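Novice: Sharing structure.cif here; it has mmCIF, C-alpha atoms.
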```
data_entry
loop_
_atom_site.label_atom_id
_atom_site.label_comp_id
_atom_site.auth_asym_id
_atom_site.auth_seq_id
_atom_site.Cartn_x
_atom_site.Cartn_y
_atom_site.Cartn_z
CA MET A 1 46.58 71.82 144.72
CA ALA A 2 45.36 75.25 145.64
CA ARG A 3 45.72 76.87 149.00
CA ASP A 4 44.34 79.80 150.87
CA VAL A 5 46.50 81.68 153.32
CA LEU A 6 44.63 84.05 155.54
CA PHE A 7 46.22 86.32 158.09
CA ARG A 8 44.21 88.38 160.49
CA ASN A 9 45.07 89.78 163.90
CA GLY A 10 48.21 87.71 164.29
CA VAL A 11 46.50 84.46 163.35
CA VAL A 12 47.33 82.66 160.16
CA ARG A 13 44.94 80.12 158.79
CA VAL A 14 46.45 77.97 156.08
CA VAL A 15 43.89 75.92 154.22
CA TRP A 16 45.16 73.42 151.69
CA ARG A 17 42.44 72.63 149.22
CA CYS A 18 43.29 69.34 147.62
CA ASP A 19 42.12 68.10 144.32
CA ALA A 20 40.38 64.79 143.74
CA LEU A 21 43.66 62.90 143.31
CA PHE A 22 44.99 63.58 146.80
CA PRO A 23 42.06 63.63 149.18
CA ASP A 24 44.32 62.67 152.10
CA SER A 25 46.52 65.71 151.60
CA CYS A 26 43.85 68.06 152.89
CA LEU A 27 45.34 70.10 155.65
CA ASP A 28 43.99 72.83 157.79
CA ILE A 29 46.46 74.45 160.11
CA THR A 30 45.78 77.27 162.44
CA MET A 31 48.88 79.15 163.53
CA HIS A 32 49.52 82.31 165.39
CA SER A 33 52.34 84.80 165.53
CA ARG A 34 53.83 86.20 168.71
CA THR A 35 56.66 88.59 169.48
CA LEU A 36 60.13 87.30 170.36
CA HIS A 37 61.05 87.24 174.04
CA VAL A 38 64.15 86.49 176.09
CA ASP A 39 63.37 82.77 176.29
CA ASP A 40 63.79 82.56 172.52
CA LEU A 41 67.58 82.84 172.71
CA GLU A 42 68.22 79.22 171.72
CA LEU A 43 65.47 79.21 169.10
CA ILE A 44 66.99 82.24 167.37
CA CYS A 45 70.49 80.73 167.53
CA ARG A 46 69.16 77.51 166.02
CA HIS A 47 67.26 79.33 163.26
CA ARG A 48 70.26 81.52 162.37
CA GLU A 49 72.54 78.51 162.18
CA ALA A 50 70.02 76.52 160.11
CA MET A 51 69.56 79.47 157.74
CA PHE A 52 73.29 79.63 157.02
CA ARG A 53 73.50 75.83 156.82
CA ASP A 54 70.79 75.93 154.12
CA ALA A 55 72.98 78.46 152.32
CA GLY A 56 75.88 75.99 152.26
CA LYS A 57 77.95 76.98 155.30
CA GLY A 58 79.63 74.24 157.34
CA ASP A 59 80.20 73.50 160.99
CA ASP A 60 83.75 74.84 160.87
CA VAL A 61 82.33 78.34 160.57
CA LEU A 62 78.85 77.92 162.04
CA LEU A 63 79.73 76.42 165.41
CA PRO A 64 82.09 79.23 166.46
CA MET A 65 79.73 81.76 164.90
CA THR A 66 76.77 80.53 166.95
CA GLU A 67 78.80 80.55 170.13
CA HIS A 68 79.69 84.21 169.58
CA PHE A 69 76.26 85.08 168.24
CA ARG A 70 74.61 83.70 171.40
CA ALA A 71 76.81 85.92 173.58
CA TRP A 72 76.02 88.89 171.34
CA LEU A 73 72.27 88.22 171.25
CA GLY A 74 71.56 87.70 174.96
CA PRO A 75 71.84 91.31 176.13
CA ARG A 76 70.13 92.59 172.99
CA LEU A 77 67.12 90.33 173.49
CA ARG A 78 66.93 91.49 177.10
CA ASP A 79 67.10 95.21 176.32
CA GLY A 80 64.76 94.87 173.34
CA SER A 81 67.22 96.12 170.71
CA TYR A 82 66.79 92.75 168.98
CA PHE A 83 63.12 92.06 168.46
CA GLY A 84 60.91 90.19 166.03
CA TYR A 85 58.29 87.51 165.62
CA VAL A 86 57.76 83.77 165.83
CA MET A 87 55.12 81.69 164.04
CA VAL A 88 53.72 79.02 166.32
CA ASP A 89 51.84 75.90 165.25
CA GLU A 90 50.09 74.20 168.14
CA GLY A 91 52.72 75.32 170.60
CA VAL A 92 55.69 74.62 168.36
CA SER A 93 57.79 77.49 167.01
CA VAL A 94 58.15 76.82 163.30
CA ALA A 95 59.46 80.10 161.85
CA SER A 96 60.96 83.35 163.06
CA ILE A 97 62.31 86.72 162.01
CA GLY A 98 64.73 89.08 163.75
CA LEU A 99 64.57 92.87 163.57
CA MET A 100 66.82 95.69 164.69
CA LEU A 101 67.09 99.43 164.33
CA ILE A 102 70.64 100.26 163.36
CA ASP A 103 72.28 103.62 163.88
CA TRP A 104 72.92 105.20 160.49
CA PRO A 105 73.87 108.66 159.27
CA PRO A 106 70.97 110.58 157.70
CA HIS A 107 71.07 109.70 154.00
CA PRO A 108 69.27 110.80 150.81
CA LEU A 109 66.95 107.80 151.26
CA HIS A 110 66.13 108.81 154.85
CA PRO A 111 67.28 112.43 155.15
CA LEU A 112 65.54 113.16 158.45
CA GLN A 113 66.28 109.86 160.18
CA ASP A 114 69.39 108.38 161.78
CA LYS A 115 68.09 104.82 161.91
CA ARG A 116 67.61 102.01 159.43
CA GLY A 117 65.54 98.93 159.98
CA TYR A 118 67.45 95.68 159.64
CA VAL A 119 65.84 92.29 158.97
CA LEU A 120 67.82 89.16 159.82
CA ASN A 121 67.54 85.49 160.63
CA VAL A 122 64.43 84.82 158.59
CA PHE A 123 63.89 81.07 158.86
CA VAL A 124 61.02 78.66 158.27
CA GLU A 125 61.29 75.00 159.28
CA PRO A 126 61.51 72.88 156.10
CA GLU A 127 58.16 71.15 156.54
CA TYR A 128 56.42 74.53 156.86
CA ARG A 129 57.79 76.13 153.72
CA HIS A 130 55.79 77.32 150.71
CA ARG A 131 52.82 78.22 152.88
CA GLY A 132 53.36 81.96 153.10
CA LEU A 133 54.96 82.06 156.55
CA ALA A 134 58.05 84.01 155.48
CA ARG A 135 55.81 86.41 153.62
CA GLU A 136 53.72 86.92 156.74
CA LEU A 137 56.85 87.47 158.85
CA MET A 138 58.00 90.10 156.37
CA ARG A 139 54.60 91.79 156.54
CA LEU A 140 54.95 91.91 160.32
CA ALA A 141 58.45 93.42 159.88
CA ASP A 142 57.15 96.20 157.63
CA ALA A 143 54.40 97.00 160.11
CA GLU A 144 56.79 96.92 163.07
CA PHE A 145 59.26 99.29 161.40
CA ALA A 146 56.44 101.62 160.38
CA ALA A 147 55.09 101.59 163.95
CA ARG A 148 58.56 102.59 165.14
CA GLY A 149 58.69 105.38 162.56
CA VAL A 150 61.44 103.87 160.41
CA GLY A 151 61.07 104.54 156.69
CA TYR A 152 63.99 102.58 155.23
CA ALA A 153 65.09 99.04 155.90
CA VAL A 154 67.78 96.67 154.65
CA LEU A 155 68.53 92.95 154.77
CA HIS A 156 71.01 90.51 153.31
CA ALA A 157 69.33 87.88 151.18
CA THR A 158 70.37 84.32 150.62
CA GLU A 159 70.08 83.09 147.05
CA LYS A 160 66.89 81.22 147.98
CA GLY A 161 65.32 84.17 149.76
CA ARG A 162 65.90 86.76 147.06
CA PRO A 163 62.80 86.06 144.90
CA LEU A 164 60.49 86.37 147.92
CA TYR A 165 61.99 89.72 148.91
CA GLN A 166 61.91 91.01 145.35
CA GLY A 167 58.23 90.17 145.19
CA LEU A 168 57.67 92.18 148.34
CA GLY A 169 59.27 95.35 146.99
CA TRP A 170 62.87 94.89 148.11
CA SER A 171 65.70 95.54 145.63
CA GLY A 172 69.47 95.21 145.52
CA THR A 173 71.73 97.95 146.85
CA ALA A 174 75.24 99.12 145.94
CA GLU A 175 76.81 97.64 149.07
CA MET A 176 80.30 96.25 148.60
CA ALA A 177 82.43 94.31 151.07
CA LYS A 178 86.02 93.29 151.62
CA VAL A 179 87.60 90.66 153.83
CA LEU A 180 90.72 92.17 155.37
CA VAL A 181 93.15 89.30 155.29
CA GLY A 182 95.44 88.62 158.15
CA VAL A 183 93.19 90.04 160.84
CA PRO A 184 92.73 87.54 163.71
CA GLY A 185 89.09 86.61 164.32
CA GLY A 186 88.07 87.25 160.75
CA VAL A 187 86.96 84.64 158.27
CA ALA A 188 88.86 81.40 157.96
CA GLY A 189 88.75 81.31 154.19
CA MET B 1 101.53 112.91 130.42
CA ALA B 2 102.91 110.42 132.91
CA ARG B 3 102.79 110.81 136.63
CA ASP B 4 104.34 109.26 139.67
CA VAL B 5 102.37 108.96 142.87
CA LEU B 6 104.40 108.06 145.90
CA PHE B 7 103.04 107.47 149.35
CA ARG B 8 105.21 106.98 152.38
CA ASN B 9 104.57 107.63 156.05
CA GLY B 10 101.42 109.64 155.50
CA VAL B 11 103.03 111.89 152.87
CA VAL B 12 101.96 111.72 149.27
CA ARG B 13 104.22 113.12 146.60
CA VAL B 14 102.52 113.57 143.25
CA VAL B 15 104.93 114.35 140.45
CA TRP B 16 103.45 115.19 137.09
CA ARG B 17 106.01 114.57 134.37
CA CYS B 18 104.97 116.57 131.38
CA ASP B 19 105.85 115.92 127.81
CA ALA B 20 107.49 118.41 125.51
CA LEU B 21 104.16 119.87 124.39
CA PHE B 22 103.14 121.15 127.81
CA PRO B 23 106.23 122.26 129.68
CA ASP B 24 104.16 124.62 131.82
CA SER B 25 101.99 121.81 133.10
CA CYS B 26 104.77 120.39 135.23
CA LEU B 27 103.45 120.08 138.73
CA ASP B 28 104.99 118.86 141.90
CA ILE B 29 102.66 118.68 144.83
CA THR B 30 103.52 117.46 148.26
CA MET B 31 100.56 116.42 150.33
CA HIS B 32 100.13 114.77 153.65
CA SER B 33 97.38 112.82 155.32
CA ARG B 34 96.13 113.43 158.84
CA THR B 35 93.42 111.93 161.01
CA LEU B 36 90.01 113.56 161.27
CA HIS B 37 89.34 115.66 164.35
CA VAL B 38 86.37 117.48 165.86
CA ASP B 39 87.08 120.68 163.91
CA ASP B 40 86.40 118.78 160.68
CA LEU B 41 82.64 118.74 161.27
CA GLU B 42 81.84 121.20 158.49
CA LEU B 43 84.41 119.71 156.12
CA ILE B 44 82.84 116.27 156.46
CA CYS B 45 79.33 117.69 156.00
CA ARG B 46 80.47 119.49 152.87
CA HIS B 47 82.22 116.42 151.46
CA ARG B 48 79.20 114.17 152.13
CA GLU B 49 76.86 116.62 150.47
CA ALA B 50 79.18 117.08 147.48
CA MET B 51 79.55 113.31 147.12
CA PHE B 52 75.78 112.84 146.86
CA ARG B 53 75.48 115.89 144.60
CA ASP B 54 78.00 114.27 142.25
CA ALA B 55 75.74 111.21 142.30
CA GLY B 56 72.81 113.28 141.09
CA LYS B 57 70.95 114.19 144.29
CA GLY B 58 69.38 117.63 144.59
CA ASP B 59 69.04 120.28 147.25
CA ASP B 60 65.50 119.18 148.14
CA VAL B 61 66.99 116.06 149.72
CA LEU B 62 70.55 117.17 150.47
CA LEU B 63 69.87 120.29 152.50
CA PRO B 64 67.64 118.59 155.10
CA MET B 65 69.95 115.56 155.04
CA THR B 66 73.01 117.65 155.86
CA GLU B 67 71.21 119.44 158.65
CA HIS B 68 70.36 116.12 160.28
CA PHE B 69 73.71 114.57 159.41
CA ARG B 70 75.55 117.43 161.15
CA ALA B 71 73.55 116.85 164.34
CA TRP B 72 74.25 113.11 164.07
CA LEU B 73 77.98 113.55 163.37
CA GLY B 74 78.93 116.02 166.11
CA PRO B 75 78.80 113.67 169.11
CA ARG B 76 80.32 110.81 167.09
CA LEU B 77 83.31 112.92 166.04
CA ARG B 78 83.78 113.95 169.66
CA ASP B 79 83.64 110.43 171.08
CA GLY B 80 85.75 109.00 168.26
CA SER B 81 83.14 106.56 166.93
CA TYR B 82 83.37 108.41 163.60
CA PHE B 83 86.99 108.61 162.54
CA GLY B 84 88.99 108.78 159.33
CA TYR B 85 91.51 110.73 157.30
CA VAL B 86 91.96 113.94 155.39
CA MET B 87 94.43 114.64 152.57
CA VAL B 88 95.91 118.09 152.89
CA ASP B 89 97.65 120.08 150.14
CA GLU B 90 99.52 123.08 151.49
CA GLY B 91 97.10 123.55 154.34
CA VAL B 92 93.97 122.94 152.29
CA SER B 93 91.87 119.83 152.89
CA VAL B 94 91.24 118.34 149.47
CA ALA B 95 89.93 114.83 150.16
CA SER B 96 88.59 112.83 153.07
CA ILE B 97 87.23 109.48 154.17
CA GLY B 98 84.99 108.51 157.09
CA LEU B 99 85.23 105.26 159.03
CA MET B 100 83.12 103.58 161.68
CA LEU B 101 82.91 100.28 163.47
CA ILE B 102 79.31 99.11 163.37
CA ASP B 103 77.79 96.65 165.79
CA TRP B 104 76.94 93.48 163.89
CA PRO B 105 75.98 89.94 164.85
CA PRO B 106 78.78 87.41 164.40
CA HIS B 107 78.42 86.10 160.86
CA PRO B 108 80.01 83.37 158.71
CA LEU B 109 82.31 86.06 157.26
CA HIS B 110 83.39 87.20 160.74
CA PRO B 111 82.34 84.38 163.07
CA LEU B 112 84.33 85.56 166.09
CA GLN B 113 83.63 89.28 165.75
CA ASP B 114 80.62 91.46 166.47
CA LYS B 115 81.85 94.47 164.52
CA ARG B 116 82.10 95.42 160.87
CA GLY B 117 84.14 98.25 159.48
CA TYR B 118 82.14 100.81 157.52
CA VAL B 119 83.62 103.23 154.98
CA LEU B 120 81.64 106.34 154.09
CA ASN B 121 81.88 109.84 152.71
CA VAL B 122 84.85 109.22 150.42
CA PHE B 123 85.32 112.46 148.54
CA VAL B 124 88.08 114.10 146.50
CA GLU B 125 87.81 117.70 145.33
CA PRO B 126 87.33 117.69 141.53
CA GLU B 127 90.67 119.32 140.71
CA TYR B 128 92.50 116.66 142.73
CA ARG B 129 90.94 113.61 141.10
CA HIS B 130 92.76 110.91 139.12
CA ARG B 131 95.90 111.32 141.22
CA GLY B 132 95.45 108.33 143.50
CA LEU B 133 94.10 110.19 146.54
CA ALA B 134 90.98 108.03 146.94
CA ARG B 135 93.13 104.94 146.58
CA GLU B 136 95.45 106.21 149.31
CA LEU B 137 92.48 106.99 151.58
CA MET B 138 91.22 103.44 151.05
CA ARG B 139 94.65 102.07 151.90
CA LEU B 140 94.58 104.05 155.13
CA ALA B 141 91.09 102.64 155.83
CA ASP B 142 92.29 99.05 155.42
CA ALA B 143 95.20 99.70 157.73
CA GLU B 144 93.03 101.45 160.31
CA PHE B 145 90.51 98.61 160.40
CA ALA B 146 93.31 96.05 160.65
CA ALA B 147 94.90 98.02 163.50
CA ARG B 148 91.54 97.91 165.30
CA GLY B 149 91.29 94.17 164.70
CA VAL B 150 88.37 94.29 162.28
CA GLY B 151 88.49 91.68 159.54
CA TYR B 152 85.43 92.54 157.45
CA ALA B 153 84.30 95.90 156.12
CA VAL B 154 81.48 97.23 153.96
CA LEU B 155 80.66 100.41 152.06
CA HIS B 156 78.02 101.68 149.67
CA ALA B 157 79.51 102.66 146.31
CA THR B 158 78.36 105.33 143.94
CA GLU B 159 78.38 104.38 140.27
CA LYS B 160 81.58 106.37 139.80
CA GLY B 161 83.33 104.87 142.79
CA ARG B 162 82.63 101.23 142.04
CA PRO B 163 85.55 100.56 139.64
CA LEU B 164 88.06 101.91 142.15
CA TYR B 165 86.71 99.71 144.94
CA GLN B 166 86.57 96.66 142.68
CA GLY B 167 90.21 97.21 141.82
CA LEU B 168 91.04 97.26 145.53
CA GLY B 169 89.41 93.91 146.27
CA TRP B 170 85.89 94.98 147.19
CA SER B 171 82.92 93.12 145.70
CA GLY B 172 79.13 93.42 145.69
CA THR B 173 77.03 91.92 148.48
CA ALA B 174 73.49 90.53 148.60
CA GLU B 175 72.11 93.52 150.49
CA MET B 176 68.56 94.50 149.57
CA ALA B 177 66.57 97.53 150.71
CA LYS B 178 63.02 98.76 150.85
CA VAL B 179 61.54 102.19 151.35
CA LEU B 180 58.56 101.86 153.66
CA VAL B 181 56.08 104.24 152.17
CA GLY B 182 53.97 106.46 154.32
CA VAL B 183 56.45 106.72 157.19
CA PRO B 184 57.05 110.38 158.13
CA GLY B 185 60.71 111.40 157.88
CA GLY B 186 61.50 108.86 155.19
CA VAL B 187 62.38 109.65 151.62
CA ALA B 188 60.35 112.20 149.73
CA GLY B 189 60.21 110.18 146.53
#
```
Let me see the structure of the file written as structure tokens.
Specialist:
Amino acid sequence: MARDVLFRNGVVRVVWRCDALFPDSCLDITMHSRTLHVDDLELICRHREAMFRDAGKGDDVLLPMTEHFRAWLGPRLRDGSYFGYVMVDEGVSVASIGLMLIDWPPHPLHPLQDKRGYVLNVFVEPEYRHRGLARELMRLADAEFAARGVGYAVLHATEKGRPLYQGLGWSGTAEMAKVLVGVPGGVAG
Amino acid sequence: MARDVLFRNGVVRVVWRCDALFPDSCLDITMHSRTLHVDDLELICRHREAMFRDAGKGDDVLLPMTEHFRAWLGPRLRDGSYFGYVMVDEGVSVASIGLMLIDWPPHPLHPLQDKRGYVLNVFVEPEYRHRGLARELMRLADAEFAARGVGYAVLHATEKGRPLYQGLGWSGTAEMAKVLVGVPGGVAG
């Protein structure tokens, strides 16, 4: 089954062209993208939690995380320091992406700039996957960062997301991390 | 040639025990560590530039980077949001490390916290290498983050630095990055 995915002016038209065997699978969906706004607090929390659940995390970690994430996100959605896009299908939000500009020391990869773009919480509802929505959200991210004058961006990929990002020109960095054991409020295990 | 490296209460005692062939190479250095302060602006700029020069970067990128980094660092040294340590040998600063707490959404690896520790600008003057100074600076970083209640920290390793960090319990992350071409102020190439 072939498909055409067309994006123009914030509207995505996904046309599934079925072959003779599955005439009933023909599907023609018209979606549009919009920017995130303050009323999306719960949507973003739900998408972030679902993203990590897909990656194998359990309620023991995710429920307290979401509680603290919600408190963190509220003021940042209101002041616009957390921004991004939602894909909407007939009034239903089916995918979203979060974006931030993070303060960063000028670096060989952005010697004149003290900001990096950060992409987070990329999530597409299961029944809307493999239709190019994440790709379109990432295109919107690139354009948004460029419009804000940011020339270097980072993200943390899940195992599933990595091939998409690689195909869009993203590559691994030399970041390393350490869990400092014995610090209250850190990871459980 | 064997050596003993002893650290206690911010004082490092490096004792080089020479073999019979090199009696003149006996060396006994007493160093101490101190916290960074506002007068270290130029030292930190020099160490950051030297670190990237060691990693193969050239003046075309480093000179404009340092100019912008200096302007970025000044207010952060003054307000204490950039902090760290210096190793001093008889009044001469021979190694340093920078630390920050970066705002970060609560995450499965730190579900109750909205901060990550960040380690940067780890540099040891060439003639002081292989004596455990970087290791001691990293130990001070762990302790400083723990004292500030931060349970998760990240850094970006150079090729040379990676084995040290791995030996201290740091491991690679899934961070990916992209240079957004055509954005003024981004990387030259």
Novice: In Å, rounded to a single decimal, give me how far CA of Val183 in chain B is from CA of Glu175 in chain A.
Specialist: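 Computing it gives 23.7 Å between the two atoms.
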Novice: For the file shown, report as number ranges by chain the outcome of the PyMOL selection byres ((chain B) within 8 of (chain A)) at residue level.
Specialist: B: 52, 57, 61-62, 64-66, 68-69, 72-73, 105-114, 142, 146, 149-158, 169-187
Novice: Run through the PyMOL selection byres ((chain B and resi 87-91) around 10) on the given coordinates and return the selected residues as a VMD selection string.
Specialist: chain B and resid 10 to 12 29 to 36 85 to 86 92 to 97 124 128 133 to 134 136 to 137
Novice: Using the selection just defined, write its residues with C-alpha atoms as a compact mmCIF listing (two decimals), in the coordinates of the input.
Specialist:
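part.txt written:
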```txt
# COMPACT_ATOMS: atom_id res chain seq x y z
CA GLY B 10 101.42 109.64 155.50
CA VAL B 11 103.03 111.89 152.87
CA VAL B 12 101.96 111.72 149.27
CA ILE B 29 102.66 118.68 144.83
CA THR B 30 103.52 117.46 148.26
CA MET B 31 100.56 116.42 150.33
CA HIS B 32 100.13 114.77 153.65
CA SER B 33 97.38 112.82 155.32
CA ARG B 34 96.13 113.43 158.84
CA THR B 35 93.42 111.93 161.01
CA LEU B 36 90.01 113.56 161.27
CA TYR B 85 91.51 110.73 157.30
CA VAL B 86 91.96 113.94 155.39
CA VAL B 92 93.97 122.94 152.29
CA SER B 93 91.87 119.83 152.89
CA VAL B 94 91.24 118.34 149.47
CA ALA B 95 89.93 114.83 150.16
CA SER B 96 88.59 112.83 153.07
CA ILE B 97 87.23 109.48 154.17
CA VAL B 124 88.08 114.10 146.50
CA TYR B 128 92.50 116.66 142.73
CA LEU B 133 94.10 110.19 146.54
CA ALA B 134 90.98 108.03 146.94
CA GLU B 136 95.45 106.21 149.31
CA LEU B 137 92.48 106.99 151.58
```
Novice: Using all atoms listed in the file for the distances, tell me which of A:Glu144, A:Gly167, A:Gly74, A:Pro126 is nearest to Leu99 in chain A.
Specialist: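 Counting all atoms listed in the file, the residue closest to Leu99 in chain A is A:Glu144.
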Novice: Can you work out the spacing between CA of Asp40 in chain A and CA of Ala141 in chain A in Å, to one decimal?
Specialist: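 According to the coordinates, CA of Asp40 in chain A and CA of Ala141 in chain A are separated by 17.5 Å.
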Novice: Quick one: distance from CA of Asp54 in chain A to CA of Gly84 in chain A in Å, one decimal?
Specialist: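 It comes out at 21.0 Å.
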Novice: Could you tell me which of A:Leu41, A:Val122, A:Met51, A:Met138 comes closest to Gly98 in chain A if we count all atoms listed in the file?
Specialist: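 Under the stated criterion, the closest residue is A:Val122.
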Novice: Which residue, A:His37, A:Arg129, A:Lys115, A:Arg135, has the smallest gap to Met100 in chain A when you use only C-alpha atoms?
Specialist: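 Of the candidates, the smallest distance to Met100 in chain A is held by A:Lys115.
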Novice: Because the input lacks atoms here, generate N, CA and C atoms for range 48-60 of chain A and report them as a PDB file, in the coordinates of the input.
Specialist:
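Everything below was put into out.pdb:
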```
ATOM      1  N   ARG A  48      69.185  80.848 163.115  1.00  0.00           N
ATOM      2  CA  ARG A  48      70.260  81.520 162.370  1.00  0.00           C
ATOM      3  C   ARG A  48      71.241  80.492 161.807  1.00  0.00           C
ATOM      4  N   GLU A  49      71.586  79.526 162.633  1.00  0.00           N
ATOM      5  CA  GLU A  49      72.540  78.510 162.180  1.00  0.00           C
ATOM      6  C   GLU A  49      71.944  77.698 161.025  1.00  0.00           C
ATOM      7  N   ALA A  50      70.673  77.319 161.156  1.00  0.00           N
ATOM      8  CA  ALA A  50      70.020  76.520 160.110  1.00  0.00           C
ATOM      9  C   ALA A  50      69.918  77.316 158.808  1.00  0.00           C
ATOM     10  N   MET A  51      69.654  78.610 158.932  1.00  0.00           N
ATOM     11  CA  MET A  51      69.560  79.470 157.740  1.00  0.00           C
ATOM     12  C   MET A  51      70.871  79.458 156.974  1.00  0.00           C
ATOM     13  N   PHE A  52      71.990  79.614 157.700  1.00  0.00           N
ATOM     14  CA  PHE A  52      73.290  79.630 157.020  1.00  0.00           C
ATOM     15  C   PHE A  52      73.683  78.226 156.548  1.00  0.00           C
ATOM     16  N   ARG A  53      73.211  77.196 157.264  1.00  0.00           N
ATOM     17  CA  ARG A  53      73.500  75.830 156.820  1.00  0.00           C
ATOM     18  C   ARG A  53      72.781  75.572 155.488  1.00  0.00           C
ATOM     19  N   ASP A  54      71.533  76.026 155.393  1.00  0.00           N
ATOM     20  CA  ASP A  54      70.790  75.930 154.120  1.00  0.00           C
ATOM     21  C   ASP A  54      71.542  76.622 152.988  1.00  0.00           C
ATOM     22  N   ALA A  55      72.267  77.685 153.342  1.00  0.00           N
ATOM     23  CA  ALA A  55      72.980  78.460 152.320  1.00  0.00           C
ATOM     24  C   ALA A  55      74.357  77.871 152.042  1.00  0.00           C
ATOM     25  N   GLY A  56      74.649  76.698 152.628  1.00  0.00           N
ATOM     26  CA  GLY A  56      75.880  75.990 152.260  1.00  0.00           C
ATOM     27  C   GLY A  56      77.046  76.137 153.226  1.00  0.00           C
ATOM     28  N   LYS A  57      76.853  76.823 154.344  1.00  0.00           N
ATOM     29  CA  LYS A  57      77.950  76.980 155.300  1.00  0.00           C
ATOM     30  C   LYS A  57      78.117  75.710 156.134  1.00  0.00           C
ATOM     31  N   GLY A  58      79.335  75.467 156.599  1.00  0.00           N
ATOM     32  CA  GLY A  58      79.630  74.240 157.340  1.00  0.00           C
ATOM     33  C   GLY A  58      79.901  74.504 158.814  1.00  0.00           C
ATOM     34  N   ASP A  59      79.985  73.412 159.547  1.00  0.00           N
ATOM     35  CA  ASP A  59      80.200  73.500 160.990  1.00  0.00           C
ATOM     36  C   ASP A  59      81.458  74.259 161.382  1.00  0.00           C
ATOM     37  N   ASP A  60      82.494  74.167 160.543  1.00  0.00           N
ATOM     38  CA  ASP A  60      83.750  74.840 160.870  1.00  0.00           C
ATOM     39  C   ASP A  60      83.557  76.325 161.134  1.00  0.00           C
TER      40      ASP A  60
END
```
